[in-house]
There are 4 protein chains.
Amino acid sequence: MNPAEIVNKMYSHDGFSQWLGIKVDAISEGKCELSLTVRKEMLNGFGIAHGAIAYALADSALAFASNSHGRQSLSVDTSINHLEAAREGDKLIAKATENSLKNRFGLYTIEVFKEKTLIALFKGTVYRTDKEWQP
Amino acid sequence: MNPAEIVNKMYSHDGFSQWLGIKVDAISEGKCELSLTVRKEMLNGFGIAHGAIAYALADSALAFASNSHGRQSLSVDTSINHLEAAREGDKLIAKATENSLKNRFGLYTIEVFKEKTLIALFKGTVYRTDKEWQP
Amino acid sequence: MNPAEIVNKMYSHDGFSQWLGIKVDAISEGKCELSLTVRKEMLNGFGIAHGAIAYALADSALAFASNSHGRQSLSVDTSINHLEAAREGDKLIAKATENSLKNRFGLYTIEVFKEKTLIALFKGTVYRTDKEWQP
Amino acid sequence: MNPAEIVNKMYSHDGFSQWLGIKVDAISEGKCELSLTVRKEMLNGFGIAHGAIAYALADSALAFASNSHGRQSLSVDTSINHLEAAREGDKLIAKATENSLKNRFGLYTIEVFKEKTLIALFKGTVYRTDKEWQP
């Protein structure tokens, strides 16, 4: 399966990414670009997007970018820095970069933008299992 | 305002914690315990709870525990390790512990359990502003 | 080999832990307690212990605690929060706790104290290879 | 004081960076490049560079890059992923990038290379005090 087929398959079963309204704007081996628009039910007690929204977008980007190579890959450790608030109606864009790919591990940085402004920086390590994605 | 009043106020505006069905099981200064039940629309492409669900529960616990002291506090840096999968119907419980509280910063560890099993470990730093919670 | 034998073997080859003057105060499966005394050549440009000193003590504690089970284990991802400064002459104590141990991964929290004060909190994930420690 | 003057002043008091043999290869506002050569006393029990060596190089790069703006800045939260082993005689190079600079916080990514190979990826947040560097 090629990267787009794998991500289509993952996305079609991924109820939470669907609830978030995530769009897959680009996908290739080890890379992807996703976006979503912040809705009212994604806000926290300060009236801004809950930290988990940027995390969710970045974590889906991690999953899609790392699985795109064809081997099922699971998140081991992730961290995120929240730099700027996002508000209702804002469009958030996540861009995944592969920093390292080895037999057992992949390391990815995901930048989350609101227009041109970096609003969160995410770093994630995945463990690459021996299980291949099958049609 | 006491911790319960602050958290009630925060929660009543927190549409995302409400969507998640988060219950505040205990709250006191610097501590809190939250829970939620995993629903179908919280699952990812592997049929298990999306990593952002445990993150969201832990991040809400961070917000409630740190704001309970009365000063508005914002997340700066968070990390989470995913140890075990959660499935539809599982009840997840988050327990926040305050490791350090200083004038400008607070550091918290949040353990996320499925029954007695630790399924995720979260660490978060907050910045404590000078703004007080007001009724 | 038992935990003490493994750690003795590791330590006898560990020139950096020796340079740091690390003492192994306690060791058992999945746990250990180490200490060192801050020397002048461990200070940074602010006249306080360089952040890498607390990191080094915690990282050695991670290595000893995780390898004590008998399988060679390597650090994958670590993070540390610096809470208080340490000065020349301060004795630092690191206590490792095992949060999770599975076939391929172990997760550990290491607290670094100066007397009773927590000065740093470290979290580390190790990958457990199939290679056993041999005498 | 300009970035080079600040870093010279910091370095002249930084006994640990001196012990490590760190060289400042480039410095400008928000950026720096440092290097060191791995010595025998920097190795751990596996005969490879102790994780704290790459951490120390990256943490010094964080300190120099963030303080170069003229305000005294302190590390709050740092994380590092170890990707490849370094051995005695290897030259390590750290490159600091500023991801975000705000009034109170700066966020930096530091890549540590052995020749062209990324061996560690470090992310660090600093708190920017009101204290200015003075000659």
# chains A, B, ... in the order shown; residues from 1 in each chain; ligands from 1
$ select_by_dssp --residues "chain C" --states "alpha helix (DSSP H)" --output "PyMOL selection string"
chain C and resi 3-13+15-20+51-67
$ interface_residues --of "chain A" --to "chain D" --cutoff "9 Å" --atoms "only C-alpha atoms" --output "PDB file with C-alpha atoms, in the first residue's frame"
ATOM      1  CA  SER A  79       5.741  16.235  24.151  1.00  0.00           C
ATOM      2  CA  ASN A  81       4.830  23.168  23.884  1.00  0.00           C
ATOM      3  CA  LEU A  83       3.069  28.931  22.390  1.00  0.00           C
ATOM      4  CA  ASN A  99      14.055  13.738  12.066  1.00  0.00           C
ATOM      5  CA  SER A 100      15.223  10.136  12.243  1.00  0.00           C
ATOM      6  CA  LYS A 102      15.718   3.575  12.102  1.00  0.00           C
ATOM      7  CA  PHE A 105      12.227   3.852  16.039  1.00  0.00           C
ATOM      8  CA  LEU A 107      11.436  10.520  15.579  1.00  0.00           C
ATOM      9  CA  LEU A 118       3.724  28.763  15.159  1.00  0.00           C
ATOM     10  CA  LEU A 121       5.695  22.488  18.732  1.00  0.00           C
ATOM     11  CA  LYS A 123       8.040  16.017  19.268  1.00  0.00           C
ATOM     12  CA  THR A 125       8.892   8.959  19.067  1.00  0.00           C
TER      13      THR A 125
END
$ closest_residue --among "B:Ser75, B:Thr129, B:Asn8, B:Asn2" --to "B:Glu29" --atoms "only C-alpha atoms"
B:Asn2
$ residues_around --residues "B:Thr37" --least-positions-apart "6" --cutoff "12 Å" --atoms "only C-alpha atoms" --output "list in words"
Trp19, Leu20, Gly21, Ile22, Lys23, Leu43, Ala49, Ile53, Ala54, Leu57, Ala86, Arg87, Glu88, Gly89, Asp90, Lys91, Leu92, Ile93, Ala94, Phe113, Lys114 and Glu115 of chain B
$ write_last_selection --atoms "N, CA and C atoms" --output "short mmCIF file (atom, residue, chain, number, x, y, z; two decimals), in the first residue's frame"
data_model
loop_
_atom_site.label_atom_id
_atom_site.label_comp_id
_atom_site.auth_asym_id
_atom_site.auth_seq_id
_atom_site.Cartn_x
_atom_site.Cartn_y
_atom_site.Cartn_z
N TRP B 19 -17.64 17.75 26.27
CA TRP B 19 -17.81 16.79 25.18
C TRP B 19 -17.19 15.44 25.55
N LEU B 20 -16.04 15.51 26.23
CA LEU B 20 -15.34 14.29 26.64
C LEU B 20 -16.11 13.55 27.74
N GLY B 21 -17.05 14.24 28.37
CA GLY B 21 -17.80 13.62 29.47
C GLY B 21 -16.98 13.50 30.75
N ILE B 22 -16.02 14.43 30.92
CA ILE B 22 -15.14 14.39 32.10
C ILE B 22 -15.95 14.64 33.37
N LYS B 23 -15.69 13.81 34.39
CA LYS B 23 -16.29 13.99 35.72
C LYS B 23 -15.20 14.40 36.68
N LEU B 43 -12.05 6.90 19.26
CA LEU B 43 -11.09 5.89 18.81
C LEU B 43 -10.29 6.37 17.60
N ALA B 49 -8.35 3.98 21.85
CA ALA B 49 -8.53 5.40 22.13
C ALA B 49 -7.37 6.21 21.52
N ILE B 53 -6.94 11.50 23.73
CA ILE B 53 -7.98 11.35 24.77
C ILE B 53 -7.33 11.30 26.15
N ALA B 54 -6.32 10.44 26.31
CA ALA B 54 -5.61 10.42 27.60
C ALA B 54 -4.93 11.77 27.84
N LEU B 57 -7.59 14.34 29.03
CA LEU B 57 -7.99 14.10 30.42
C LEU B 57 -6.88 14.61 31.36
N ALA B 86 -6.35 1.89 25.44
CA ALA B 86 -7.68 1.92 26.06
C ALA B 86 -8.70 1.65 24.96
N ARG B 87 -9.81 1.00 25.33
CA ARG B 87 -10.82 0.61 24.34
C ARG B 87 -12.19 1.21 24.67
N GLU B 88 -13.08 1.12 23.71
CA GLU B 88 -14.44 1.63 23.91
C GLU B 88 -15.03 1.05 25.18
N GLY B 89 -15.61 1.91 26.01
CA GLY B 89 -16.24 1.45 27.25
C GLY B 89 -15.31 1.51 28.46
N ASP B 90 -14.00 1.60 28.24
CA ASP B 90 -13.06 1.69 29.37
C ASP B 90 -13.27 3.01 30.11
N LYS B 91 -13.19 2.93 31.45
CA LYS B 91 -13.23 4.14 32.26
C LYS B 91 -11.79 4.53 32.59
N LEU B 92 -11.43 5.76 32.24
CA LEU B 92 -10.08 6.26 32.51
C LEU B 92 -10.13 7.22 33.69
N ILE B 93 -9.16 7.12 34.57
CA ILE B 93 -9.09 7.97 35.76
C ILE B 93 -7.75 8.68 35.77
N ALA B 94 -7.77 10.00 35.94
CA ALA B 94 -6.52 10.78 36.00
C ALA B 94 -6.35 11.32 37.41
N PHE B 113 -5.08 6.04 34.68
CA PHE B 113 -5.31 4.62 34.94
C PHE B 113 -6.54 4.10 34.21
N LYS B 114 -6.48 2.80 33.88
CA LYS B 114 -7.66 2.03 33.46
C LYS B 114 -7.78 0.98 34.54
N GLU B 115 -8.76 1.06 35.39
CA GLU B 115 -8.82 0.26 36.63
C GLU B 115 -7.52 0.54 37.39
#
$ residues_around --residues "A:Cys32" --least-positions-apart "6" --cutoff "12 Å" --atoms "only C-alpha atoms" --output "PyMOL selection string"
chain A and resi 3-4+7+23-26+57-69+93-98+108-111
$ write_last_selection --atoms "N, CA and C atoms" --output "CSV table (one decimal), in the first residue's frame"
chain,number,residue,atom,x,y,z
A,3,PRO,N,1.5,5.5,0.7
A,3,PRO,CA,1.2,6.3,1.8
A,3,PRO,C,-0.3,6.8,1.8
A,4,ALA,N,-0.8,7.2,0.7
A,4,ALA,CA,-2.2,7.7,0.6
A,4,ALA,C,-3.2,6.6,0.9
A,7,VAL,N,-3.0,5.9,4.7
A,7,VAL,CA,-3.7,7.0,5.5
A,7,VAL,C,-5.2,7.0,5.3
A,23,LYS,N,-8.5,17.4,8.0
A,23,LYS,CA,-8.3,17.2,6.5
A,23,LYS,C,-6.8,16.8,6.3
A,24,VAL,N,-6.7,15.9,5.4
A,24,VAL,CA,-5.3,15.5,5.0
A,24,VAL,C,-4.9,16.3,3.8
A,25,ASP,N,-4.1,17.3,4.0
A,25,ASP,CA,-3.8,18.2,2.9
A,25,ASP,C,-2.6,17.7,2.0
A,26,ALA,N,-1.7,16.9,2.6
A,26,ALA,CA,-0.6,16.3,1.9
A,26,ALA,C,-0.1,15.1,2.6
A,57,LEU,N,-4.2,17.1,16.7
A,57,LEU,CA,-3.9,17.3,15.3
A,57,LEU,C,-2.4,16.8,15.1
A,58,ALA,N,-1.5,17.2,16.0
A,58,ALA,CA,-0.1,16.8,15.9
A,58,ALA,C,0.0,15.3,16.0
A,59,ASP,N,-0.7,14.7,17.0
A,59,ASP,CA,-0.6,13.2,17.2
A,59,ASP,C,-1.1,12.4,16.0
A,60,SER,N,-2.2,12.9,15.4
A,60,SER,CA,-2.6,12.3,14.1
A,60,SER,C,-1.6,12.4,13.0
A,61,ALA,N,-1.0,13.6,13.0
A,61,ALA,CA,0.1,13.8,12.0
A,61,ALA,C,1.3,12.8,12.2
A,62,LEU,N,1.6,12.6,13.5
A,62,LEU,CA,2.6,11.7,13.8
A,62,LEU,C,2.2,10.3,13.4
A,63,ALA,N,1.0,9.9,13.6
A,63,ALA,CA,0.5,8.5,13.3
A,63,ALA,C,0.6,8.4,11.7
A,64,PHE,N,0.1,9.4,11.0
A,64,PHE,CA,0.0,9.2,9.5
A,64,PHE,C,1.4,9.2,8.9
A,65,ALA,N,2.2,10.2,9.4
A,65,ALA,CA,3.6,10.3,8.8
A,65,ALA,C,4.4,9.0,9.1
A,66,SER,N,4.3,8.5,10.3
A,66,SER,CA,5.1,7.3,10.6
A,66,SER,C,4.6,6.0,10.0
A,67,ASN,N,3.3,5.9,9.9
A,67,ASN,CA,2.7,4.7,9.3
A,67,ASN,C,2.8,4.6,7.8
A,68,SER,N,3.1,5.8,7.2
A,68,SER,CA,3.1,5.9,5.7
A,68,SER,C,4.2,5.0,5.1
A,69,HIS,N,5.2,4.6,5.9
A,69,HIS,CA,6.3,3.8,5.4
A,69,HIS,C,5.8,2.3,5.2
A,93,ILE,N,-2.9,24.3,11.1
A,93,ILE,CA,-2.2,23.4,10.2
A,93,ILE,C,-1.1,22.8,10.8
A,94,ALA,N,-1.0,21.4,10.7
A,94,ALA,CA,0.2,20.7,11.3
A,94,ALA,C,1.1,20.2,10.2
A,95,LYS,N,2.4,20.4,10.3
A,95,LYS,CA,3.3,19.9,9.3
A,95,LYS,C,4.3,18.9,10.0
A,96,ALA,N,4.4,17.7,9.6
A,96,ALA,CA,5.2,16.7,10.2
A,96,ALA,C,6.6,16.6,9.5
A,97,THR,N,7.7,16.6,10.2
A,97,THR,CA,9.0,16.4,9.7
A,97,THR,C,9.6,15.1,10.3
A,98,GLU,N,10.2,14.3,9.5
A,98,GLU,CA,10.9,13.1,10.1
A,98,GLU,C,12.3,13.4,10.4
A,108,TYR,N,9.9,12.3,15.1
A,108,TYR,CA,9.2,13.3,14.3
A,108,TYR,C,9.0,14.6,15.0
A,109,THR,N,9.1,15.7,14.3
A,109,THR,CA,8.7,17.0,14.9
A,109,THR,C,7.5,17.5,14.1
A,110,ILE,N,6.5,18.0,14.9
A,110,ILE,CA,5.3,18.5,14.2
A,110,ILE,C,5.1,19.9,14.6
A,111,GLU,N,5.1,20.8,13.6
A,111,GLU,CA,4.8,22.2,13.9
A,111,GLU,C,3.3,22.5,13.6
$ residues_around --residues "A:Gly51" --least-positions-apart "4" --cutoff "8 Å" --atoms "only C-alpha atoms" --output "JSON, numbers by chain"
{"A": [55, 82], "B": [56, 59]}
$ write_last_selection --atoms "N, CA and C atoms" --output "PDB file, in the first residue's frame"
ATOM      1  N   TYR A  55      -2.699  19.112  20.327  1.00  0.00           N
ATOM      2  CA  TYR A  55      -2.048  17.812  20.546  1.00  0.00           C
ATOM      3  C   TYR A  55      -2.647  16.753  19.619  1.00  0.00           C
ATOM      4  N   HIS A  82       2.965  24.647  24.106  1.00  0.00           N
ATOM      5  CA  HIS A  82       1.907  25.536  23.630  1.00  0.00           C
ATOM      6  C   HIS A  82       2.422  26.973  23.660  1.00  0.00           C
TER       7      HIS A  82
ATOM      8  N   ALA B  56      -5.950  14.707  26.778  1.00  0.00           N
ATOM      9  CA  ALA B  56      -6.973  15.696  27.117  1.00  0.00           C
ATOM     10  C   ALA B  56      -7.393  15.564  28.583  1.00  0.00           C
ATOM     11  N   ASP B  59      -4.499  16.827  30.630  1.00  0.00           N
ATOM     12  CA  ASP B  59      -4.319  18.275  30.481  1.00  0.00           C
ATOM     13  C   ASP B  59      -5.414  19.043  31.232  1.00  0.00           C
TER      14      ASP B  59
END
$ atom_distance --atom1 "atom CA of D:Trp133" --atom2 "atom CA of D:Gly15"
18.9 Å
$ atom_distance --atom1 "atom CA of C:Phe46" --atom2 "atom CA of D:Leu34"
18.6 Å
$ closest_residue --among "D:Ser35, D:Ser12, D:Asn44, D:Gln72" --to "D:Val112" --atoms "only C-alpha atoms"
D:Ser35
$ residues_around --residues "D:Lys131" --least-positions-apart "4" --cutoff "10 Å" --atoms "only C-alpha atoms" --output "PyMOL selection string"
chain D and resi 70-73
$ write_last_selection --atoms "C-alpha atoms" --output "CSV table (one decimal), in the first residue's frame"
chain,number,residue,atom,x,y,z
D,70,GLY,CA,20.7,40.4,26.5
D,71,ARG,CA,18.2,39.2,29.2
D,72,GLN,CA,19.2,36.6,31.7
D,73,SER,CA,17.3,33.5,30.7
$ select_by_dssp --residues "stretch 50-82 of chain B" --states "strand (DSSP E)" --output "PDB file with C-alpha atoms, in the first residue's frame"
ATOM      1  CA  ARG B  71      -4.183  32.311  40.314  1.00  0.00           C
ATOM      2  CA  GLN B  72      -4.803  31.833  36.597  1.00  0.00           C
ATOM      3  CA  SER B  73      -2.186  29.371  35.355  1.00  0.00           C
ATOM      4  CA  LEU B  74      -1.330  28.372  31.800  1.00  0.00           C
ATOM      5  CA  SER B  75       0.352  25.255  30.453  1.00  0.00           C
ATOM      6  CA  VAL B  76       3.878  25.861  29.101  1.00  0.00           C
ATOM      7  CA  ASP B  77       5.283  22.441  28.361  1.00  0.00           C
ATOM      8  CA  THR B  78       3.698  19.006  28.640  1.00  0.00           C
ATOM      9  CA  SER B  79       4.756  15.483  27.779  1.00  0.00           C
ATOM     10  CA  ILE B  80       2.963  12.159  27.863  1.00  0.00           C
ATOM     11  CA  ASN B  81       4.011   8.522  27.585  1.00  0.00           C
ATOM     12  CA  HIS B  82       1.435   6.079  26.310  1.00  0.00           C
TER      13      HIS B  82
END
$ atom_distance --atom1 "atom CA of D:Met10" --atom2 "atom CA of D:Arg128"
15.9 Å
